[in-house]
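Peer 1: Below is the file upload-v4.txt, which contains compact mmCIF, C-alpha atoms.
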# COMPACT_ATOMS: atom_id res chain seq x y z
CA ASP A 1 0.00 0.00 0.00
CA ALA A 2 2.90 2.35 0.69
CA LEU A 3 4.16 1.67 -2.82
CA LEU A 4 0.94 2.70 -4.51
CA ALA A 5 0.43 5.82 -2.39
CA PRO A 6 2.03 9.15 -3.53
CA HIS A 7 5.71 9.53 -2.59
CA ARG A 8 5.02 11.55 0.56
CA SER A 9 4.45 9.22 3.50
CA TYR A 10 2.02 10.67 6.01
CA ARG A 11 2.76 11.00 9.68
CA SER A 12 0.15 8.38 10.57
CA ARG A 13 1.65 5.76 8.34
CA PRO A 14 4.31 3.46 9.69
CA THR A 15 6.64 4.41 6.82
CA HIS A 16 6.91 7.99 8.03
CA GLY A 17 10.49 9.19 8.07
CA ILE A 18 11.76 6.11 6.34
CA GLY A 19 14.63 7.78 4.45
CA LYS A 20 16.07 9.88 7.29
CA PHE A 21 19.73 9.42 8.04
CA LYS A 22 21.03 12.73 9.31
CA TYR A 23 20.45 11.72 12.90
CA LEU A 24 23.01 8.99 12.37
CA LEU A 25 25.83 11.31 11.29
CA PRO A 26 28.20 12.91 13.84
CA LYS A 27 27.26 16.46 14.84
CA GLU A 28 29.20 19.22 13.07
CA PRO A 29 30.02 22.48 14.89
CA PRO A 30 27.98 25.39 13.52
CA LYS A 31 29.78 27.40 10.82
CA ARG A 32 31.23 30.73 11.80
CA ARG A 33 31.01 33.67 9.44
CA LYS A 34 34.31 35.39 10.27
CA GLU A 35 37.55 34.17 8.74
CA ARG A 36 40.71 33.43 10.65
CA VAL A 37 43.18 36.13 9.85
CA GLN A 38 46.81 35.17 10.23
CA MET A 39 48.61 32.00 9.38
CA LYS A 40 52.24 32.94 9.15
CA GLU A 41 55.25 30.71 9.13
CA ILE A 42 58.78 31.93 8.69
CA SER A 43 61.34 29.35 9.65
CA ALA A 44 64.95 30.39 9.67
CA GLY A 45 67.89 28.09 9.75
CA THR A 46 69.93 26.04 7.37
CA GLU A 47 66.85 24.89 5.56
CA TYR A 48 65.19 28.04 4.42
CA GLN A 49 61.52 28.03 3.74
CA TYR A 50 59.59 31.06 2.76
CA GLY A 51 56.31 31.72 4.50
CA ASP A 52 53.26 32.82 2.57
CA ILE A 53 54.19 34.37 -0.73
CA ASN A 54 51.82 36.25 -3.00
CA ILE A 55 52.28 36.12 -6.73
CA GLN A 56 50.34 39.08 -8.08
CA MET A 57 49.59 39.43 -11.76
CA THR A 58 48.12 42.63 -13.12
CA SER A 59 47.11 43.51 -16.61
CA TYR A 60 44.56 45.34 -18.70
CA ASP A 61 43.57 42.18 -20.53
CA LEU A 62 41.25 39.93 -18.55
CA CYS A 63 41.65 36.69 -20.49
CA LEU A 64 45.44 36.82 -20.42
CA VAL A 65 45.59 37.41 -16.70
CA GLU A 66 43.12 34.68 -15.88
CA HIS A 67 44.79 32.13 -18.09
CA PHE A 68 48.18 33.01 -16.70
CA ALA A 69 46.89 32.69 -13.15
CA GLN A 70 45.47 29.29 -14.02
CA TYR A 71 48.79 28.28 -15.52
CA VAL A 72 50.72 29.33 -12.42
CA HIS A 73 48.28 27.49 -10.19
CA ARG A 74 48.57 24.29 -12.18
CA LEU A 75 52.33 24.60 -12.31
CA CYS A 76 52.47 24.79 -8.53
CA ASN A 77 50.17 21.79 -8.28
CA ARG A 78 52.45 19.79 -10.51
CA LEU A 79 55.54 20.84 -8.58
CA SER A 80 53.75 19.90 -5.34
CA ILE A 81 53.97 23.37 -3.87
CA ARG A 82 51.07 24.03 -1.58
CA VAL A 83 48.75 26.75 -2.85
CA ASN A 84 46.79 28.36 -0.04
CA GLU A 85 44.45 30.55 -2.00
CA SER A 86 44.03 31.90 -5.46
CA TYR A 87 41.82 34.95 -5.58
CA ALA A 88 41.15 38.09 -7.56
CA MET A 89 41.39 41.65 -6.38
CA PRO A 90 38.62 44.07 -7.41
CA THR A 91 39.14 45.61 -10.84
CA LYS A 92 40.06 49.25 -11.16
CA THR A 93 38.61 51.30 -13.99
CA ASN A 94 40.56 54.23 -15.36
CA GLU A 95 39.05 56.77 -17.69
CA VAL A 96 41.51 58.29 -20.08
CA LEU A 97 40.47 61.65 -21.47
CA PHE A 98 42.34 63.28 -24.29
CA LEU A 99 42.05 67.03 -24.44
CA GLU A 100 43.00 68.01 -27.94
CA GLU A 101 43.39 71.71 -28.23
CA ARG A 102 43.91 72.17 -31.94
CA GLY A 103 40.94 73.84 -33.45
CA SER A 104 37.88 72.52 -31.66
CA LYS A 105 38.34 71.14 -28.18
CA MET A 106 37.51 67.49 -28.21
CA GLN A 107 37.52 64.90 -25.53
CA LEU A 108 38.16 61.37 -26.54
CA ASP A 109 37.41 58.89 -23.83
CA ALA A 110 39.00 55.54 -23.29
CA VAL A 111 37.98 53.28 -20.45
CA LEU A 112 40.71 50.97 -19.18
CA THR A 113 40.08 48.23 -16.65
CA THR A 114 42.99 46.88 -14.61
CA HIS A 115 42.59 43.31 -13.40
CA GLN A 116 44.61 41.62 -10.71
CA ARG A 117 44.91 37.97 -9.77
CA VAL A 118 46.76 36.63 -6.74
CA VAL A 119 48.08 33.14 -6.14
CA GLN A 120 49.18 32.49 -2.58
CA ILE A 121 51.86 29.91 -1.99
CA ARG A 122 53.29 28.37 1.13
CA GLY A 123 56.26 26.18 1.78
CA LEU A 124 58.60 27.27 -0.97
CA SER A 125 62.11 26.07 -0.31
CA SER A 126 64.78 28.61 -1.02
CA THR A 127 66.75 26.30 -3.28
CA PHE A 128 63.74 25.92 -5.51
CA ALA A 129 62.48 29.48 -5.42
CA PRO A 130 64.82 30.96 -8.05
CA ILE A 131 64.02 28.15 -10.47
CA LEU A 132 60.31 28.75 -10.05
CA LEU A 133 60.81 32.47 -10.50
CA GLU A 134 62.76 31.89 -13.67
CA ILE A 135 60.14 29.58 -15.12
CA ILE A 136 57.33 32.01 -14.41
CA GLN A 137 59.29 34.96 -15.72
CA SER A 138 60.25 33.27 -18.94
CA ASN A 139 56.65 32.23 -19.54
CA GLN A 140 55.14 35.61 -18.88
CA PRO A 141 52.75 36.78 -21.58
CA GLU A 142 52.98 40.25 -23.01
CA GLY A 143 51.33 42.99 -21.07
CA VAL A 144 51.21 41.17 -17.76
CA HIS A 145 53.07 42.59 -14.79
CA LEU A 146 54.37 40.09 -12.29
CA LEU A 147 55.02 40.81 -8.63
CA MET A 148 56.14 38.38 -5.96
CA LYS A 149 56.04 39.50 -2.37
CA GLN A 150 55.51 38.14 1.08
CA HIS A 151 52.04 38.08 2.46
CA THR A 152 51.37 40.69 5.11
CA GLU A 153 48.36 41.61 7.16
CA ALA A 154 47.92 44.74 5.11
CA ASP A 155 47.50 42.57 2.03
CA PHE A 156 44.82 40.59 3.78
CA LYS A 157 43.01 43.68 5.00
CA SER A 158 42.96 45.18 1.54
CA ARG A 159 40.59 42.44 0.49
CA LEU A 160 38.05 43.29 3.19
CA LYS A 161 35.58 46.13 2.84
CA SER A 162 35.71 48.96 5.34
CA ARG A 163 32.67 49.51 7.51
CA PRO A 164 32.12 53.23 8.02
CA GLU A 165 29.29 52.79 10.57
CA LEU A 166 31.41 50.54 12.74
CA GLU A 167 34.28 52.97 12.58
CA GLU A 168 32.00 55.87 13.52
CA LEU A 169 30.65 54.02 16.50
CA LEU A 170 34.15 53.06 17.62
CA ALA A 171 35.24 56.68 17.27
CA GLU A 172 32.26 57.82 19.34
CA MET A 173 32.99 55.29 22.02
CA SER A 174 36.66 56.17 22.43
CA SER B 1 94.89 26.84 9.73
CA ALA B 2 96.94 23.79 9.02
CA ALA B 3 94.10 21.79 7.55
CA ALA B 4 94.99 19.65 4.59
CA ARG B 5 94.52 21.78 1.52
CA ARG B 6 92.15 20.31 -0.96
CA PRO B 7 93.68 19.58 -4.33
CA TRP B 8 90.91 21.30 -6.25
CA LYS B 9 90.91 24.95 -7.17
CA LEU B 10 87.54 26.62 -6.91
CA PHE B 11 86.17 29.12 -9.37
CA GLY B 12 82.92 31.02 -9.34
CA ALA B 13 81.36 31.79 -12.71
CA MET B 14 78.42 33.99 -13.52
CA CYS B 15 75.92 33.30 -16.24
CA LEU B 16 74.38 36.67 -16.98
CA LEU B 17 71.07 36.37 -18.79
CA ARG B 18 69.25 39.05 -20.63
CA LEU B 19 65.58 38.16 -20.59
CA PRO B 20 63.62 38.20 -23.83
CA ARG B 21 61.74 41.38 -24.59
CA ILE B 22 59.20 40.09 -27.06
CA THR B 23 57.27 36.86 -27.22
CA GLN B 24 58.43 34.23 -29.61
CA PRO B 25 56.47 33.82 -32.81
CA LEU B 26 53.75 31.19 -32.70
CA GLU B 27 54.22 27.79 -34.23
CA LYS B 28 52.13 26.72 -37.17
CA GLU B 29 49.69 24.66 -35.08
CA GLU B 30 49.41 27.42 -32.51
CA GLU B 31 48.53 29.92 -35.20
CA GLU B 32 45.88 27.66 -36.65
CA VAL B 33 44.32 27.07 -33.24
CA ALA B 34 44.38 30.77 -32.48
CA ALA B 35 42.62 31.59 -35.74
CA LEU B 36 40.00 28.91 -35.12
CA MET B 37 39.31 30.12 -31.59
CA GLU B 38 38.97 33.68 -32.80
CA GLN B 39 36.44 32.64 -35.38
CA ILE B 40 34.42 30.66 -32.85
CA GLU B 41 34.45 33.59 -30.44
CA LEU B 42 33.36 35.99 -33.13
CA GLU B 43 30.45 33.80 -34.12
CA LYS B 44 29.34 33.28 -30.56
CA SER B 45 29.69 36.88 -29.43
CA LEU B 46 26.94 39.46 -29.07
CA TYR B 47 26.96 43.05 -30.26
CA SER B 48 28.76 45.59 -28.08
CA ASP B 49 27.44 49.04 -27.16
CA HIS B 50 29.38 50.74 -29.88
CA GLU B 51 28.12 48.36 -32.55
CA MET B 52 24.51 48.72 -31.39
CA ARG B 53 24.86 52.46 -31.59
CA LYS B 54 26.28 52.19 -35.07
CA LEU B 55 23.42 50.01 -36.26
CA GLU B 56 20.81 52.34 -34.79
CA GLU B 57 22.36 55.34 -36.45
CA GLU B 58 22.49 53.56 -39.77
CA GLU B 59 18.80 52.85 -39.47
CA GLN B 60 18.11 56.45 -38.60
CA LEU B 61 20.01 57.62 -41.64
CA LYS B 62 18.03 55.26 -43.84
CA ARG B 63 14.79 56.55 -42.44
CA LYS B 64 15.96 60.11 -42.98
CA MET B 65 16.63 59.37 -46.62
CA GLU B 66 13.28 57.77 -47.20
CA SER B 67 11.02 60.11 -45.28
CA LEU B 68 11.25 63.29 -43.24
CA TYR B 69 11.23 61.50 -39.91
CA ASP B 70 14.03 63.39 -38.28
CA GLU B 71 12.20 66.22 -36.58
CA ASP B 72 11.41 64.63 -33.25
CA GLU B 73 14.29 62.27 -33.01
CA ALA B 74 17.52 63.19 -31.41
CA HIS B 75 18.49 66.66 -32.44
CA GLY B 76 21.23 66.98 -29.91
CA LYS B 77 22.40 63.40 -29.89
CA THR B 78 23.89 62.77 -33.28
CA VAL B 79 26.53 65.44 -33.28
CA ILE B 80 29.25 62.81 -33.37
CA MET B 81 28.20 59.65 -35.11
CA ALA B 82 29.61 56.28 -34.34
CA GLN B 83 30.89 55.93 -37.87
CA ASP B 84 32.94 59.10 -37.50
CA LEU B 85 34.44 57.84 -34.27
CA GLU B 86 35.46 54.63 -35.96
CA GLU B 87 37.12 56.45 -38.79
CA LYS B 88 38.98 58.64 -36.36
CA TRP B 89 40.22 55.63 -34.47
CA GLU B 90 41.33 53.94 -37.67
CA GLN B 91 43.35 56.95 -38.67
CA LYS B 92 45.00 57.06 -35.29
CA PHE B 93 45.86 53.42 -35.57
CA LEU B 94 47.43 53.90 -38.96
CA GLN B 95 49.59 56.65 -37.56
CA PHE B 96 50.95 54.36 -34.87
CA LYS B 97 54.13 52.55 -35.84
CA ALA B 98 55.31 49.64 -33.80
CA ALA B 99 59.01 49.13 -33.19
CA PRO B 100 60.60 46.55 -35.47
CA ARG B 101 60.97 43.05 -34.10
CA ILE B 102 64.06 42.26 -36.11
CA THR B 103 66.55 44.94 -35.27
CA ASP B 104 69.60 46.11 -37.14
CA ALA B 105 71.90 44.05 -35.02
CA ASP B 106 70.02 40.95 -36.11
CA LYS B 107 70.54 41.70 -39.73
CA SER B 108 74.21 42.38 -39.34
CA ASN B 109 74.61 39.50 -36.88
CA ASP B 110 76.59 41.67 -34.58
CA ARG B 111 77.06 39.50 -31.55
CA THR B 112 78.44 42.14 -29.23
CA SER B 113 75.27 44.17 -29.04
CA LEU B 114 72.36 43.53 -26.75
CA ASN B 115 69.71 44.41 -29.28
CA ARG B 116 69.88 41.12 -31.07
CA LYS B 117 67.32 38.37 -30.83
CA LEU B 118 64.75 40.16 -28.74
CA ASP B 119 62.71 37.02 -28.28
CA SER B 120 65.26 34.74 -26.62
CA ASN B 121 67.69 34.70 -23.72
CA LEU B 122 71.13 36.13 -24.30
CA MET B 123 74.16 35.08 -22.28
CA LEU B 124 77.44 36.79 -21.71
CA LEU B 125 80.60 35.02 -22.93
CA VAL B 126 84.06 36.33 -22.28
CA LYS B 127 87.44 35.35 -23.60
CA GLN B 128 89.69 34.31 -20.79
CA LYS B 129 93.18 32.94 -20.53
CA ILE B 130 93.43 29.66 -18.70
CA GLY B 131 96.80 28.00 -18.52
CA ASN B 132 98.17 28.54 -21.96
CA GLN B 133 94.97 28.75 -23.93
CA GLU B 134 92.60 31.58 -24.56
CA LEU B 135 89.12 30.24 -24.30
CA TRP B 136 85.58 31.53 -24.55
CA LEU B 137 83.97 31.04 -21.15
CA LEU B 138 81.34 32.37 -18.87
CA PRO B 139 83.14 34.98 -16.78
CA GLN B 140 84.86 33.28 -13.90
CA VAL B 141 87.19 34.27 -11.13
CA GLU B 142 89.05 32.23 -8.58
CA TRP B 143 87.54 31.77 -5.16
CA GLN B 144 89.30 33.40 -2.27
CA PRO B 145 88.98 31.78 1.12
CA GLY B 146 86.63 33.66 3.35
CA GLU B 147 84.08 34.77 0.80
CA THR B 148 80.95 33.03 -0.32
CA LEU B 149 80.77 31.50 -3.78
CA ARG B 150 78.00 33.86 -4.70
CA SER B 151 80.17 36.89 -4.00
CA THR B 152 82.90 35.28 -6.10
CA ALA B 153 80.50 35.12 -8.99
CA GLU B 154 79.45 38.72 -8.43
CA ARG B 155 83.07 39.72 -8.41
CA ALA B 156 83.55 37.89 -11.69
CA MET B 157 80.73 39.90 -13.16
CA ALA B 158 82.17 43.11 -11.80
CA THR B 159 85.64 42.48 -13.19
CA PHE B 160 84.32 42.06 -16.69
CA LEU B 161 81.53 44.54 -16.79
CA GLY B 162 82.42 47.21 -14.27
CA ASP B 163 80.81 47.91 -10.96
CA HIS B 164 77.54 49.50 -11.90
CA ILE B 165 75.53 46.75 -13.38
CA GLN B 166 71.99 46.20 -12.35
CA ALA B 167 71.80 42.48 -12.23
CA LYS B 168 69.75 40.36 -9.92
CA VAL B 169 71.45 37.18 -8.76
CA LEU B 170 69.07 34.31 -8.35
CA GLY B 171 69.57 32.62 -5.03
CA ASN B 172 72.59 31.58 -3.07
CA ALA B 173 72.88 28.08 -4.42
CA PRO B 174 74.90 27.36 -7.58
CA TYR B 175 73.11 26.10 -10.63
CA GLY B 176 75.74 23.84 -12.07
CA ILE B 177 79.25 22.60 -11.62
CA TYR B 178 81.99 21.75 -14.05
CA LYS B 179 85.13 20.06 -12.89
CA TYR B 180 88.17 19.22 -14.87
CA LYS B 181 91.64 17.97 -14.15
CA PHE B 182 94.71 19.80 -15.21
CA PRO B 183 96.96 18.16 -17.79
CA ARG B 184 99.71 16.01 -16.34
CA ALA B 185 102.39 18.62 -16.81
CA ILE B 186 100.94 21.13 -14.37
CA ARG B 187 99.51 18.69 -11.92
CA THR B 188 101.05 18.79 -8.48
CA GLU B 189 99.95 17.34 -5.19
CA ASN B 190 97.99 20.38 -4.30
CA ASN B 191 96.60 21.21 -7.68
CA VAL B 192 94.82 18.31 -9.23
CA GLY B 193 92.18 20.24 -11.05
CA ALA B 194 89.57 22.89 -10.83
CA LYS B 195 85.86 23.07 -10.13
CA VAL B 196 83.77 25.82 -11.58
CA PHE B 197 80.46 26.69 -9.92
CA PHE B 198 77.90 28.46 -12.06
CA PHE B 199 75.48 31.07 -10.80
CA LYS B 200 72.68 32.75 -12.69
CA ALA B 201 71.71 36.38 -12.78
CA PHE B 202 69.16 38.42 -14.67
CA LEU B 203 70.18 41.66 -16.29
CA GLN B 204 67.73 44.30 -15.14
CA SER B 205 68.57 47.22 -17.32
CA SER B 206 69.66 46.96 -20.89
CA ASP B 207 71.86 50.00 -20.65
CA LEU B 208 75.50 48.96 -20.61
CA SER B 209 77.04 52.26 -21.56
CA GLN B 210 78.63 52.59 -18.16
CA ALA B 211 80.21 49.17 -18.34
CA GLU B 212 83.94 49.04 -18.89
CA LEU B 213 84.55 46.10 -21.08
CA LYS B 214 88.00 44.83 -20.49
CA ALA B 215 88.09 41.80 -22.67
CA ASP B 216 86.32 40.47 -25.73
CA HIS B 217 82.75 39.73 -24.93
CA LEU B 218 79.80 38.29 -26.75
CA TRP B 219 76.08 37.98 -26.14
CA VAL B 220 74.96 34.60 -27.37
CA THR B 221 71.79 32.55 -27.40
CA LYS B 222 71.63 28.97 -26.24
CA LYS B 223 71.92 27.52 -29.73
CA GLU B 224 74.94 29.55 -30.60
CA LEU B 225 76.76 28.47 -27.45
CA GLY B 226 77.97 25.41 -29.30
CA ASP B 227 80.05 27.58 -31.60
CA TYR B 228 82.14 28.89 -28.78
CA LEU B 229 82.26 26.53 -25.87
CA LYS B 230 84.04 23.23 -25.59
CA SER B 231 81.84 20.15 -25.63
CA GLU B 232 82.26 19.01 -22.02
CA TYR B 233 81.81 22.51 -20.70
CA LEU B 234 78.87 22.99 -22.98
CA LYS B 235 77.16 19.85 -21.72
CA LYS B 236 77.30 21.01 -18.12
CA VAL B 237 76.20 24.50 -18.96
CA ASN B 238 73.27 23.32 -21.02
CA ARG B 239 71.91 21.41 -18.07
CA PHE B 240 70.79 24.50 -16.25
CA LEU B 241 69.71 26.69 -19.13
CA LEU B 242 66.03 27.10 -19.86
CA ASP B 243 65.04 28.03 -23.34
Starting from the coordinates I provided, produce the structure as structure tokens.

Peer 2:
Amino acid sequence: DALLAPHRSYRSRPTHGIGKFKYLLPKEPPKRRKERVQMKEISAGTEYQYGDINIQMTSYDLCLVEHFAQYVHRLCNRLSIRVNESYAMPTKTNEVLFLEERGSKMQLDAVLTTHQRVVQIRGLSSTFAPILLEIIQSNQPEGVHLLMKQHTEADFKSRLKSRPELEELLAEMS
Amino acid sequence: SAAARRPWKLFGAMCLLRLPRITQPLEKEEEEVAALMEQIELEKSLYSDHEMRKLEEEEQLKRKMESLYDEDEAHGKTVIMAQDLEEKWEQKFLQFKAAPRITDADKSNDRTSLNRKLDSNLMLLVKQKIGNQELWLLPQVEWQPGETLRSTAERAMATFLGDHIQAKVLGNAPYGIYKYKFPRAIRTENNVGAKVFFFKAFLQSSDLSQAELKADHLWVTKKELGDYLKSEYLKKVNRFLLD
């Protein structure tokens, strides 16, 4: 009879709740919304290992930058270098206005968008770092600027949005 | 220090690379794929703002020709038409001249200039006297006790190119090693042979006018290395060169 009835089993029927399984799984802690900020590791000694390193690629051309970021990410995967994160910074738009002053004043506009992609790497040994740098540099496409630097808190904060109301309240309190 | 002196002499050599300035030309398959992808993208793409504007204005023009429809529509808007903008941009583009990819030095095959072969790595080769022979080598200088091998290599670079070079040395570890034994005549107990450690550096600026060039020097690509270096030396050097 339960087979012929519609798929929903009523509460009075003995087959109620027949497919439940979540009560069997171990309880997970509830997810927090805030992210953990710092995970730094700089170990000095005979075996040098760099801490978090950011490889930042900027360009005007979106496809180039994205493909290059993908290439770098896959390269690190193949070379078994641990990649923490690979994210994009917000794009900046620049408006270029030409003011030609011969004859009639004209304004030609050009809108340029600057895109930036960041690949974050951890655990780069210092014997391998120059080789990696050379490989990436020799495979750079045209028009892409490359920048490798260590990850700082300022870099992390630049990704977060500022909250003016919170800052006002804090200023009022103190 | 009365430690037993090792029988090997140590040299530090510097491989100075000038990075390519232009991308290499695409292979045949790469060009075909690129053309195919472009065509696919073009067929799949939608009209952009500029193109929509152009189409609308063309329609307006047509309507103007056929009937007197222009009174209400857009008296202030069509001062600059999209077609005019396009023509202006085309003219600007024609005025722009890109720098030539094959420079004069390429044509004359002048190997001492840095402007050759803008799409591949160039290395510095110097003529040095070792023993009795004058050989073409990567600039090398003997190691003095108490300094690191990397500073030996930097010193080698400085002796041949002067002090003010903007070169970035990659890392403290050597990239390659070449060891050879001296011929029987010169061999003594203390001097069995020599080991040369290679370091790599990137040339940052292409301006070498301040460099004092003391010996014959050449800037060579990887393929042309075979013309100048000896085969054993060449084998070891080729191991750490990327192309």

Peer 1: With distances taken over only C-alpha atoms, which of A:Asp61, A:Asp109, A:Glu28, A:Asp52 is nearest to chain B?

Peer 2: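 Between A:Asp61, A:Asp109, A:Glu28, A:Asp52, the residue approaching chain B most closely is A:Asp109.
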
Peer 1: Counting all atoms listed in the file, a student should be able to say which residues of chain A come within 7 Å of chain B; what is the right answer, written as a list in words?

Peer 2: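 Taken together, these residues fit the definition: Thr127, Pro130 and Glu142 of chain A.
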
Peer 1: Which polymer residues have any atom within 10 Å of an atom of Leu132 in chain A, counting only C-alpha atoms, with same-chain residues fewer than 6 positions away left out, as a short mmCIF file (atom, residue, chain, number, x, y, z; two decimals) with C-alpha atoms, in the coordinates of the input?

Peer 2:
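The resulting selection_15.cif:
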data_model
loop_
_atom_site.label_atom_id
_atom_site.label_comp_id
_atom_site.auth_asym_id
_atom_site.auth_seq_id
_atom_site.Cartn_x
_atom_site.Cartn_y
_atom_site.Cartn_z
CA VAL A 72 50.72 29.33 -12.42
CA LEU A 75 52.33 24.60 -12.31
CA CYS A 76 52.47 24.79 -8.53
CA LEU A 79 55.54 20.84 -8.58
CA LEU A 124 58.60 27.27 -0.97
CA SER A 138 60.25 33.27 -18.94
#

Peer 1: With distances taken over all atoms listed in the file, which residue among B:Glu38, B:Asp119, B:Glu154, B:Glu57 lies nearest Glu142 in chain B?

Peer 2: B:Glu154

Peer 1: Would you list the residues near (52.7, 34.7, -0.9) (no more than 7 Å away, in the coordinates of the file, using all atoms listed in the file) as a PyMOL selection string?

Peer 2: chain A and resi 52-55+120-122+149-151

Peer 1: What does the distance from CA of Lys117 in chain B to CA of Ile102 in chain B come to in Å, to one decimal?

Peer 2: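 If I compute the distance from CA of Lys117 in chain B to CA of Ile102 in chain B, I get 7.3 Å.
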
Peer 1: What's the separation between CA of His217 in chain B and CA of Leu114 in chain B, in Å to one decimal place?

Peer 2: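 Interatomic distance here is 11.2 Å.
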
Peer 1: Counting only C-alpha atoms, write as a list in words all protein and nucleic acid residues lying at most 8 Å from (80.1, 23.4, -16.4) in the file's frame.

Peer 2: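 Residues found, by chain and rising number: Gly176, Ile177, Tyr178, Lys179, Val196, Phe197, Phe198, Glu232, Tyr233, Leu234, Lys235, Lys236 and Val237 of chain B.
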
Peer 1: When you draw a straight line from CA of Pro164 in chain A to CA of Glu85 in chain A, how long is it in Å?

Peer 2: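 Going from CA of Pro164 in chain A over to CA of Glu85 in chain A, I get 27.7 Å.
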
Peer 1: Select, from A:Gly51, A:Gly143, A:Gly19, A:Pro90, the residue with the minimum atom-to-atom distance to Ser126 in chain A, counting only C-alpha atoms.

Peer 2: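 Smallest distance to Ser126 in chain A is found for A:Gly51.
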
Peer 1: Which one of B:Gln204, B:Gln144, B:Asn115, B:Asn191 sits closest to Trp8 in chain B if you count all atoms listed in the file?

Peer 2: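 Result for the nearest residue to Trp8 in chain B: B:Asn191.
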